[in-house]
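Engineer: Below is the structure I would like to discuss, written out as structure tokens.
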Amino acid sequence: MRREYITYPPDIPVSISLCTVTNYPMHWHNSIEILYVLKGKAFVTIGPDEYELVEKDLEIINIDEAHMISSE
């Protein structure tokens with residue numbers, strides 16, 4: 001498990017990424033993370049709990065909450 005550091009643009013404290021995720025290992029960071037599934041399914045593990053997200057689902061992960069993301 002590792003801490004991830006987020007770098008923001010100088011004018012705005014928001015970072016937006018469009019990603020294809022197959023397996024993102026357990027990590028945490030000092031930022032809120034908002035996941036939105038555009039297509040397919042994603043599985044999010046937050047602490048001991050696992051959630052299945054489908055198209056148009058939204059998940060909010062709190063600051064310093066350990067989580068991992070995977071998909072089929």
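How things are named: the first chain in the structure tokens is A, the next is B, and so on; residues count from 1 in each chain; ligands count from 1 in the order shown.
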List the neighbours of Leu38 in chain A out to 9 Å using only C-alpha atoms; skip same-chain residues closer than 3 positions along the sequence, and give me the result as a ChimeraX atom specification.
Structural biologist: /A:41,54-57
Engineer: DSSP on the backbone: what in range 10-41 of chain A comes out strand (DSSP E or B), as a list in words?
Structural biologist: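 For range 10-41 of chain A, the strand (DSSP E or B) set is Asn23, Tyr24, Pro25, Met26, His27, Trp28, Glu33, Ile34, Leu35, Tyr36 and Lys41 of chain A.
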Engineer: Selected residues, C-alpha atoms, written as a PDB file, in the first residue's frame, please.
Structural biologist:
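Everything below was put into again_32.pdb:
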```
ATOM      1  CA  ASN A  23      -5.874  -2.814 -11.945  1.00  0.00           C
ATOM      2  CA  TYR A  24      -4.840   0.130  -9.771  1.00  0.00           C
ATOM      3  CA  PRO A  25      -3.259  -1.085  -6.508  1.00  0.00           C
ATOM      4  CA  MET A  26      -4.269  -0.141  -2.961  1.00  0.00           C
ATOM      5  CA  HIS A  27      -3.334   3.487  -2.238  1.00  0.00           C
ATOM      6  CA  TRP A  28      -4.536   6.637  -0.499  1.00  0.00           C
ATOM      7  CA  GLU A  33     -11.513  11.150  -5.411  1.00  0.00           C
ATOM      8  CA  ILE A  34     -14.649  11.000  -7.539  1.00  0.00           C
ATOM      9  CA  LEU A  35     -15.015   8.018  -9.880  1.00  0.00           C
ATOM     10  CA  TYR A  36     -17.558   8.019 -12.706  1.00  0.00           C
ATOM     11  CA  LYS A  41     -17.931  -2.155 -14.975  1.00  0.00           C
TER      12      LYS A  41
END
```
Engineer: Would you please work out which residue, of A:Ile69, A:Leu18, A:Ile6, A:Leu58, is nearest to Ile46 in chain A when using only C-alpha atoms?
Structural biologist: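 Smallest distance to Ile46 in chain A is found for A:Ile69.
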Engineer: Please determine, counting only C-alpha atoms, which residue among A:Ile63, A:Val21, A:Met1, A:Ile16 has the shortest atom-to-atom distance to Ala42 in chain A.
Structural biologist: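 Ranked by minimum distance to Ala42 in chain A, first place goes to A:Val21.
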Engineer: Return the single residue from A:Glu52, A:Glu59, A:Glu72, A:Glu4 that is closest to Asn30 in chain A, with distances computed using only C-alpha atoms.
Structural biologist: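 Closest to Asn30 in chain A, using only C-alpha atoms: A:Glu4.
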Engineer: Go through A:Asp64, A:Ile32, A:Pro13, A:Cys19 and flag the residue nearest Gly47 in chain A, using only C-alpha atoms for the distances.
Structural biologist: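 Using only C-alpha atoms, the shortest distance to Gly47 in chain A belongs to A:Asp64.
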Engineer: How many Å lie between CA of Asp11 in chain A and CA of Ile61 in chain A, rounded to one decimal?
Structural biologist: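 Interatomic distance here is 23.6 Å.
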Engineer: Between CA of Phe43 in chain A and CA of Ser71 in chain A, what is the distance in Å, rounded to a tenth?
Structural biologist: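 If I compute the distance from CA of Phe43 in chain A to CA of Ser71 in chain A, I get 5.8 Å.
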